[in-house]
Amino acid sequence: MLEGKALIEDTDMPVKMQIQAMASASQALDHYDVLDLKSIAAHIKKEFDMKYGGGWQCVVGSNFGGFFTHSRGTFIYFKLETLNFLIFKGVSSSSSAA
């Protein structure tokens, strides 16, 4: 497990959820080749959907940009090994944007 070596760049998640995000990323890296970014992202998304309800998004890579709206308390961006991880839950039409 590598979650202790992750560097959080930005987050508004509760600490327990942050730990889960880093643990999920570490597990995905243990299960998939580091070049299989789609499978790594899918692993994390599915785990968060199961644990915290549907609507989660996950982006994994070494170089990407993004602009999005997320539900409050559901955003984390961190680095682990050579990859960046962006995990967030989208906003439903009845939720306020953050």
# chains A, B, ... in the order shown; residues from 1 in each chain; ligands from 1

$ residues_around --residues "Gly54 (chain A)" --least-positions-apart "3" --cutoff "12 Å" --atoms "only C-alpha atoms" --output "VMD selection string"
chain A and resid 45 to 51 57 88 to 92

$ write_last_selection --atoms "C-alpha atoms" --output "compact mmCIF listing (two decimals), in the first residue's frame"
# COMPACT_ATOMS: atom_id res chain seq x y z
CA LYS A 45 -14.73 5.23 -9.59
CA LYS A 46 -16.51 1.91 -9.02
CA GLU A 47 -15.25 1.70 -5.45
CA PHE A 48 -16.45 5.24 -4.66
CA ASP A 49 -19.81 4.61 -6.38
CA MET A 50 -20.33 1.52 -4.23
CA LYS A 51 -19.22 3.13 -0.98
CA GLN A 57 -15.73 10.76 -11.56
CA PHE A 88 -14.93 14.15 -7.42
CA LYS A 89 -18.67 13.70 -7.39
CA GLY A 90 -20.63 15.60 -9.97
CA VAL A 91 -23.39 18.03 -9.09
CA SER A 92 -26.98 16.96 -9.57

$ residues_around --residues "region 7-19 of chain A" --least-positions-apart "4" --cutoff "9 Å" --atoms "only C-alpha atoms" --output "number ranges by chain"
A: 3, 23-24, 72-80

$ write_last_selection --atoms "N, CA, C and O atoms" --output "PDB file, in the first residue's frame"
ATOM      1  N   GLU A   3      -0.548   4.597   0.143  1.00  0.00           N
ATOM      2  CA  GLU A   3      -1.296   5.812   0.463  1.00  0.00           C
ATOM      3  C   GLU A   3      -0.540   6.784   1.363  1.00  0.00           C
ATOM      4  O   GLU A   3      -0.780   7.968   1.338  1.00  0.00           O
ATOM      5  N   ALA A  23      -6.144   5.156  -0.543  1.00  0.00           N
ATOM      6  CA  ALA A  23      -6.093   3.689  -0.450  1.00  0.00           C
ATOM      7  C   ALA A  23      -6.615   3.050  -1.735  1.00  0.00           C
ATOM      8  O   ALA A  23      -6.041   2.077  -2.234  1.00  0.00           O
ATOM      9  N   SER A  24      -7.693   3.588  -2.290  1.00  0.00           N
ATOM     10  CA  SER A  24      -8.243   3.062  -3.545  1.00  0.00           C
ATOM     11  C   SER A  24      -7.248   3.210  -4.690  1.00  0.00           C
ATOM     12  O   SER A  24      -7.088   2.299  -5.509  1.00  0.00           O
ATOM     13  N   ARG A  72     -20.023  19.808  -2.957  1.00  0.00           N
ATOM     14  CA  ARG A  72     -19.166  20.177  -1.825  1.00  0.00           C
ATOM     15  C   ARG A  72     -18.776  18.946  -1.019  1.00  0.00           C
ATOM     16  O   ARG A  72     -19.585  18.059  -0.797  1.00  0.00           O
ATOM     17  N   GLY A  73     -17.510  18.915  -0.610  1.00  0.00           N
ATOM     18  CA  GLY A  73     -17.025  17.825   0.230  1.00  0.00           C
ATOM     19  C   GLY A  73     -16.676  16.553  -0.510  1.00  0.00           C
ATOM     20  O   GLY A  73     -16.504  15.503   0.111  1.00  0.00           O
ATOM     21  N   THR A  74     -16.549  16.632  -1.834  1.00  0.00           N
ATOM     22  CA  THR A  74     -16.303  15.411  -2.618  1.00  0.00           C
ATOM     23  C   THR A  74     -15.129  15.519  -3.575  1.00  0.00           C
ATOM     24  O   THR A  74     -14.995  14.706  -4.483  1.00  0.00           O
ATOM     25  N   PHE A  75     -14.255  16.474  -3.381  1.00  0.00           N
ATOM     26  CA  PHE A  75     -13.176  16.724  -4.329  1.00  0.00           C
ATOM     27  C   PHE A  75     -11.817  16.434  -3.693  1.00  0.00           C
ATOM     28  O   PHE A  75     -11.551  16.839  -2.560  1.00  0.00           O
ATOM     29  N   ILE A  76     -10.969  15.723  -4.445  1.00  0.00           N
ATOM     30  CA  ILE A  76      -9.573  15.554  -4.037  1.00  0.00           C
ATOM     31  C   ILE A  76      -8.698  15.471  -5.282  1.00  0.00           C
ATOM     32  O   ILE A  76      -9.082  14.881  -6.299  1.00  0.00           O
ATOM     33  N   TYR A  77      -7.539  16.100  -5.187  1.00  0.00           N
ATOM     34  CA  TYR A  77      -6.524  16.033  -6.235  1.00  0.00           C
ATOM     35  C   TYR A  77      -5.204  15.731  -5.542  1.00  0.00           C
ATOM     36  O   TYR A  77      -4.773  16.482  -4.655  1.00  0.00           O
ATOM     37  N   PHE A  78      -4.598  14.594  -5.888  1.00  0.00           N
ATOM     38  CA  PHE A  78      -3.353  14.200  -5.233  1.00  0.00           C
ATOM     39  C   PHE A  78      -2.431  13.495  -6.209  1.00  0.00           C
ATOM     40  O   PHE A  78      -2.846  13.053  -7.285  1.00  0.00           O
ATOM     41  N   LYS A  79      -1.159  13.417  -5.811  1.00  0.00           N
ATOM     42  CA  LYS A  79      -0.138  12.718  -6.586  1.00  0.00           C
ATOM     43  C   LYS A  79       0.263  11.464  -5.835  1.00  0.00           C
ATOM     44  O   LYS A  79       0.417  11.482  -4.612  1.00  0.00           O
ATOM     45  N   LEU A  80       0.448  10.387  -6.579  1.00  0.00           N
ATOM     46  CA  LEU A  80       0.915   9.123  -6.020  1.00  0.00           C
ATOM     47  C   LEU A  80       1.813   8.478  -7.059  1.00  0.00           C
ATOM     48  O   LEU A  80       1.402   8.304  -8.211  1.00  0.00           O
TER      49      LEU A  80
END

$ residues_around --residues "Ala28 (chain A)" --least-positions-apart "6" --cutoff "10 Å" --atoms "only C-alpha atoms" --output "list in words"
Met1, Met22, Val34, Asp36, Leu37, Ser39, Ile40, Ala41, Ala42, His43 and Ile44 of chain A

$ atom_distance --atom1 "CA of Phe85 (chain A)" --atom2 "CA of Ala25 (chain A)"
7.8 Å

$ atom_distance --atom1 "CA of Ser71 (chain A)" --atom2 "CA of Leu86 (chain A)"
13.8 Å

$ atom_distance --atom1 "CA of Asp30 (chain A)" --atom2 "CA of Ser62 (chain A)"
17.6 Å

$ select_by_dssp --residues "chain A" --states "strand (DSSP E or B)" --output "number ranges by chain"
A: 7-11, 56-61, 70, 76-80, 83-90

$ write_last_selection --atoms "N, CA and C atoms" --output "mmCIF file, in the first residue's frame"
data_model
loop_
_atom_site.group_PDB
_atom_site.id
_atom_site.type_symbol
_atom_site.label_atom_id
_atom_site.label_comp_id
_atom_site.auth_asym_id
_atom_site.auth_seq_id
_atom_site.Cartn_x
_atom_site.Cartn_y
_atom_site.Cartn_z
ATOM 1 N N LEU A 7 0.760 12.767 -2.082
ATOM 2 C CA LEU A 7 0.868 14.189 -1.787
ATOM 3 C C LEU A 7 -0.430 14.857 -2.227
ATOM 4 N N ILE A 8 -1.218 15.313 -1.264
ATOM 5 C CA ILE A 8 -2.485 15.964 -1.575
ATOM 6 C C ILE A 8 -2.198 17.392 -2.026
ATOM 7 N N GLU A 9 -2.680 17.730 -3.214
ATOM 8 C CA GLU A 9 -2.514 19.069 -3.772
ATOM 9 C C GLU A 9 -3.673 19.978 -3.374
ATOM 10 N N ASP A 10 -4.905 19.431 -3.376
ATOM 11 C CA ASP A 10 -6.091 20.211 -3.025
ATOM 12 C C ASP A 10 -7.219 19.237 -2.692
ATOM 13 N N THR A 11 -8.063 19.619 -1.735
ATOM 14 C CA THR A 11 -9.192 18.772 -1.370
ATOM 15 C C THR A 11 -10.195 19.552 -0.548
ATOM 16 N N TRP A 56 -19.733 9.489 -9.120
ATOM 17 C CA TRP A 56 -18.312 9.823 -8.943
ATOM 18 C C TRP A 56 -17.596 9.820 -10.282
ATOM 19 N N GLN A 57 -16.578 10.667 -10.381
ATOM 20 C CA GLN A 57 -15.729 10.764 -11.557
ATOM 21 C C GLN A 57 -14.282 10.617 -11.105
ATOM 22 N N CYS A 58 -13.456 10.028 -11.960
ATOM 23 C CA CYS A 58 -12.044 9.849 -11.637
ATOM 24 C C CYS A 58 -11.218 10.060 -12.900
ATOM 25 N N VAL A 59 -10.197 10.899 -12.773
ATOM 26 C CA VAL A 59 -9.261 11.154 -13.868
ATOM 27 C C VAL A 59 -7.876 10.811 -13.345
ATOM 28 N N VAL A 60 -7.124 10.031 -14.127
ATOM 29 C CA VAL A 60 -5.781 9.610 -13.727
ATOM 30 C C VAL A 60 -4.835 9.875 -14.883
ATOM 31 N N GLY A 61 -3.683 10.450 -14.585
ATOM 32 C CA GLY A 61 -2.698 10.682 -15.627
ATOM 33 C C GLY A 61 -1.526 11.476 -15.096
ATOM 34 N N HIS A 70 -18.281 20.438 -8.863
ATOM 35 C CA HIS A 70 -18.422 19.244 -8.030
ATOM 36 C C HIS A 70 -19.295 19.539 -6.821
ATOM 37 N N ILE A 76 -10.969 15.723 -4.445
ATOM 38 C CA ILE A 76 -9.573 15.554 -4.037
ATOM 39 C C ILE A 76 -8.698 15.471 -5.282
ATOM 40 N N TYR A 77 -7.539 16.100 -5.187
ATOM 41 C CA TYR A 77 -6.524 16.033 -6.235
ATOM 42 C C TYR A 77 -5.204 15.731 -5.542
ATOM 43 N N PHE A 78 -4.598 14.594 -5.888
ATOM 44 C CA PHE A 78 -3.353 14.200 -5.233
ATOM 45 C C PHE A 78 -2.431 13.495 -6.209
ATOM 46 N N LYS A 79 -1.159 13.417 -5.811
ATOM 47 C CA LYS A 79 -0.138 12.718 -6.586
ATOM 48 C C LYS A 79 0.263 11.464 -5.835
ATOM 49 N N LEU A 80 0.448 10.387 -6.579
ATOM 50 C CA LEU A 80 0.915 9.123 -6.020
ATOM 51 C C LEU A 80 1.813 8.478 -7.059
ATOM 52 N N LEU A 83 1.814 9.467 -10.959
ATOM 53 C CA LEU A 83 0.492 9.819 -11.479
ATOM 54 C C LEU A 83 -0.227 10.846 -10.616
ATOM 55 N N ASN A 84 -1.096 11.598 -11.265
ATOM 56 C CA ASN A 84 -1.998 12.524 -10.591
ATOM 57 C C ASN A 84 -3.390 11.900 -10.592
ATOM 58 N N PHE A 85 -4.119 12.099 -9.505
ATOM 59 C CA PHE A 85 -5.461 11.547 -9.341
ATOM 60 C C PHE A 85 -6.424 12.681 -9.021
ATOM 61 N N LEU A 86 -7.492 12.769 -9.783
ATOM 62 C CA LEU A 86 -8.554 13.726 -9.554
ATOM 63 C C LEU A 86 -9.840 12.923 -9.358
ATOM 64 N N ILE A 87 -10.429 13.038 -8.181
ATOM 65 C CA ILE A 87 -11.652 12.306 -7.862
ATOM 66 C C ILE A 87 -12.662 13.317 -7.345
ATOM 67 N N PHE A 88 -13.883 13.247 -7.874
ATOM 68 C CA PHE A 88 -14.933 14.147 -7.420
ATOM 69 C C PHE A 88 -16.294 13.580 -7.766
ATOM 70 N N LYS A 89 -17.301 14.078 -7.087
ATOM 71 C CA LYS A 89 -18.673 13.698 -7.387
ATOM 72 C C LYS A 89 -19.326 14.864 -8.095
ATOM 73 N N GLY A 90 -19.958 14.567 -9.203
ATOM 74 C CA GLY A 90 -20.630 15.603 -9.975
ATOM 75 C C GLY A 90 -21.807 16.200 -9.223
#

$ select_by_dssp --residues "chain A" --states "alpha helix (DSSP H)" --output "PyMOL selection string"
chain A and resi 15-31+37-52

$ closest_residue --among "A:Phe64, A:Ser26, A:Asp33, A:Gln20" --to "Lys5 (chain A)" --atoms "only C-alpha atoms"
A:Ser26

$ decode --residues "region 3-18 of chain A" --atoms "all heavy atoms" --output "CSV table (one decimal), in the first residue's frame"
chain,number,residue,atom,x,y,z
A,3,GLU,N,-0.5,4.6,0.1
A,3,GLU,CA,-1.3,5.8,0.5
A,3,GLU,C,-0.5,6.8,1.4
A,3,GLU,O,-0.8,8.0,1.3
A,3,GLU,CB,-2.7,5.5,1.0
A,3,GLU,CG,-2.7,4.8,2.4
A,3,GLU,CD,-2.7,3.3,2.2
A,3,GLU,OE1,-2.4,2.7,1.2
A,3,GLU,OE2,-3.0,2.6,3.3
A,4,GLY,N,0.4,6.3,2.2
A,4,GLY,CA,1.2,7.2,3.0
A,4,GLY,C,2.2,8.1,2.2
A,4,GLY,O,2.7,9.1,2.7
A,5,LYS,N,2.4,7.7,1.0
A,5,LYS,CA,3.4,8.4,0.1
A,5,LYS,C,2.6,9.4,-0.8
A,5,LYS,O,3.3,10.0,-1.7
A,5,LYS,CB,4.2,7.4,-0.7
A,5,LYS,CG,5.0,6.5,0.2
A,5,LYS,CD,5.9,5.6,-0.7
A,5,LYS,CE,6.5,4.5,0.2
A,5,LYS,NZ,7.7,4.9,0.9
A,6,ALA,N,1.3,9.5,-0.7
A,6,ALA,CA,0.6,10.4,-1.6
A,6,ALA,C,0.8,11.8,-1.1
A,6,ALA,O,0.9,12.1,0.1
A,6,ALA,CB,-0.9,10.0,-1.6
A,7,LEU,N,0.8,12.8,-2.1
A,7,LEU,CA,0.9,14.2,-1.8
A,7,LEU,C,-0.4,14.9,-2.2
A,7,LEU,O,-0.7,14.9,-3.4
A,7,LEU,CB,2.1,14.8,-2.5
A,7,LEU,CG,2.2,16.3,-2.4
A,7,LEU,CD1,2.5,16.7,-1.0
A,7,LEU,CD2,3.3,16.8,-3.3
A,8,ILE,N,-1.2,15.3,-1.3
A,8,ILE,CA,-2.5,16.0,-1.6
A,8,ILE,C,-2.2,17.4,-2.0
A,8,ILE,O,-1.6,18.2,-1.3
A,8,ILE,CB,-3.4,16.0,-0.4
A,8,ILE,CG1,-3.8,14.5,0.0
A,8,ILE,CG2,-4.7,16.8,-0.7
A,8,ILE,CD1,-4.6,14.4,1.3
A,9,GLU,N,-2.7,17.7,-3.2
A,9,GLU,CA,-2.5,19.1,-3.8
A,9,GLU,C,-3.7,20.0,-3.4
A,9,GLU,O,-3.5,21.1,-3.1
A,9,GLU,CB,-2.4,19.0,-5.3
A,9,GLU,CG,-1.2,18.3,-5.8
A,9,GLU,CD,0.1,19.0,-5.6
A,9,GLU,OE1,0.1,20.3,-5.6
A,9,GLU,OE2,1.1,18.4,-5.4
A,10,ASP,N,-4.9,19.4,-3.4
A,10,ASP,CA,-6.1,20.2,-3.0
A,10,ASP,C,-7.2,19.2,-2.7
A,10,ASP,O,-7.3,18.2,-3.3
A,10,ASP,CB,-6.5,21.1,-4.2
A,10,ASP,CG,-7.5,22.2,-3.8
A,10,ASP,OD1,-7.7,22.4,-2.6
A,10,ASP,OD2,-8.0,22.9,-4.7
A,11,THR,N,-8.1,19.6,-1.7
A,11,THR,CA,-9.2,18.8,-1.4
A,11,THR,C,-10.2,19.6,-0.5
A,11,THR,O,-9.8,20.5,0.1
A,11,THR,CB,-8.7,17.5,-0.6
A,11,THR,OG1,-9.8,16.6,-0.4
A,11,THR,CG2,-8.1,17.9,0.8
A,12,ASP,N,-11.4,19.1,-0.6
A,12,ASP,CA,-12.4,19.6,0.4
A,12,ASP,C,-13.2,18.4,1.0
A,12,ASP,O,-14.2,18.5,1.6
A,12,ASP,CB,-13.4,20.6,-0.3
A,12,ASP,CG,-14.4,20.0,-1.3
A,12,ASP,OD1,-14.3,18.8,-1.6
A,12,ASP,OD2,-15.2,20.7,-1.8
A,13,MET,N,-12.6,17.2,0.8
A,13,MET,CA,-13.2,16.0,1.3
A,13,MET,C,-12.9,15.9,2.8
A,13,MET,O,-11.9,16.3,3.3
A,13,MET,CB,-12.5,14.7,0.7
A,13,MET,CG,-13.0,14.3,-0.6
A,13,MET,SD,-12.1,12.8,-1.1
A,13,MET,CE,-13.0,12.5,-2.6
A,14,PRO,N,-13.8,15.2,3.5
A,14,PRO,CA,-13.5,14.8,4.9
A,14,PRO,C,-12.2,13.9,5.0
A,14,PRO,O,-12.0,13.2,4.0
A,14,PRO,CB,-14.7,14.1,5.4
A,14,PRO,CG,-15.8,14.4,4.4
A,14,PRO,CD,-15.1,14.7,3.1
A,15,VAL,N,-11.5,13.9,6.0
A,15,VAL,CA,-10.3,13.2,6.2
A,15,VAL,C,-10.5,11.7,5.9
A,15,VAL,O,-9.7,11.1,5.2
A,15,VAL,CB,-9.6,13.4,7.5
A,15,VAL,CG1,-8.4,12.5,7.7
A,15,VAL,CG2,-9.2,14.9,7.7
A,16,LYS,N,-11.5,11.1,6.4
A,16,LYS,CA,-11.8,9.7,6.2
A,16,LYS,C,-11.9,9.3,4.7
A,16,LYS,O,-11.4,8.3,4.3
A,16,LYS,CB,-13.0,9.3,7.0
A,16,LYS,CG,-13.3,7.8,7.0
A,16,LYS,CD,-14.5,7.5,7.9
A,16,LYS,CE,-14.7,6.0,7.9
A,16,LYS,NZ,-15.9,5.6,8.8
A,17,MET,N,-12.6,10.2,4.0
A,17,MET,CA,-12.8,10.0,2.6
A,17,MET,C,-11.5,10.2,1.8
A,17,MET,O,-11.2,9.5,0.8
A,17,MET,CB,-13.9,10.9,2.0
A,17,MET,CG,-14.5,10.5,0.7
A,17,MET,SD,-15.8,11.6,0.1
A,17,MET,CE,-17.1,11.1,1.1
A,18,GLN,N,-10.7,11.1,2.3
A,18,GLN,CA,-9.3,11.3,1.7
A,18,GLN,C,-8.5,10.1,1.8
A,18,GLN,O,-7.9,9.6,0.8
A,18,GLN,CB,-8.6,12.5,2.4
A,18,GLN,CG,-9.2,13.8,2.2
A,18,GLN,CD,-8.5,14.9,3.0
A,18,GLN,OE1,-7.2,14.8,3.2
A,18,GLN,NE2,-9.2,15.9,3.4
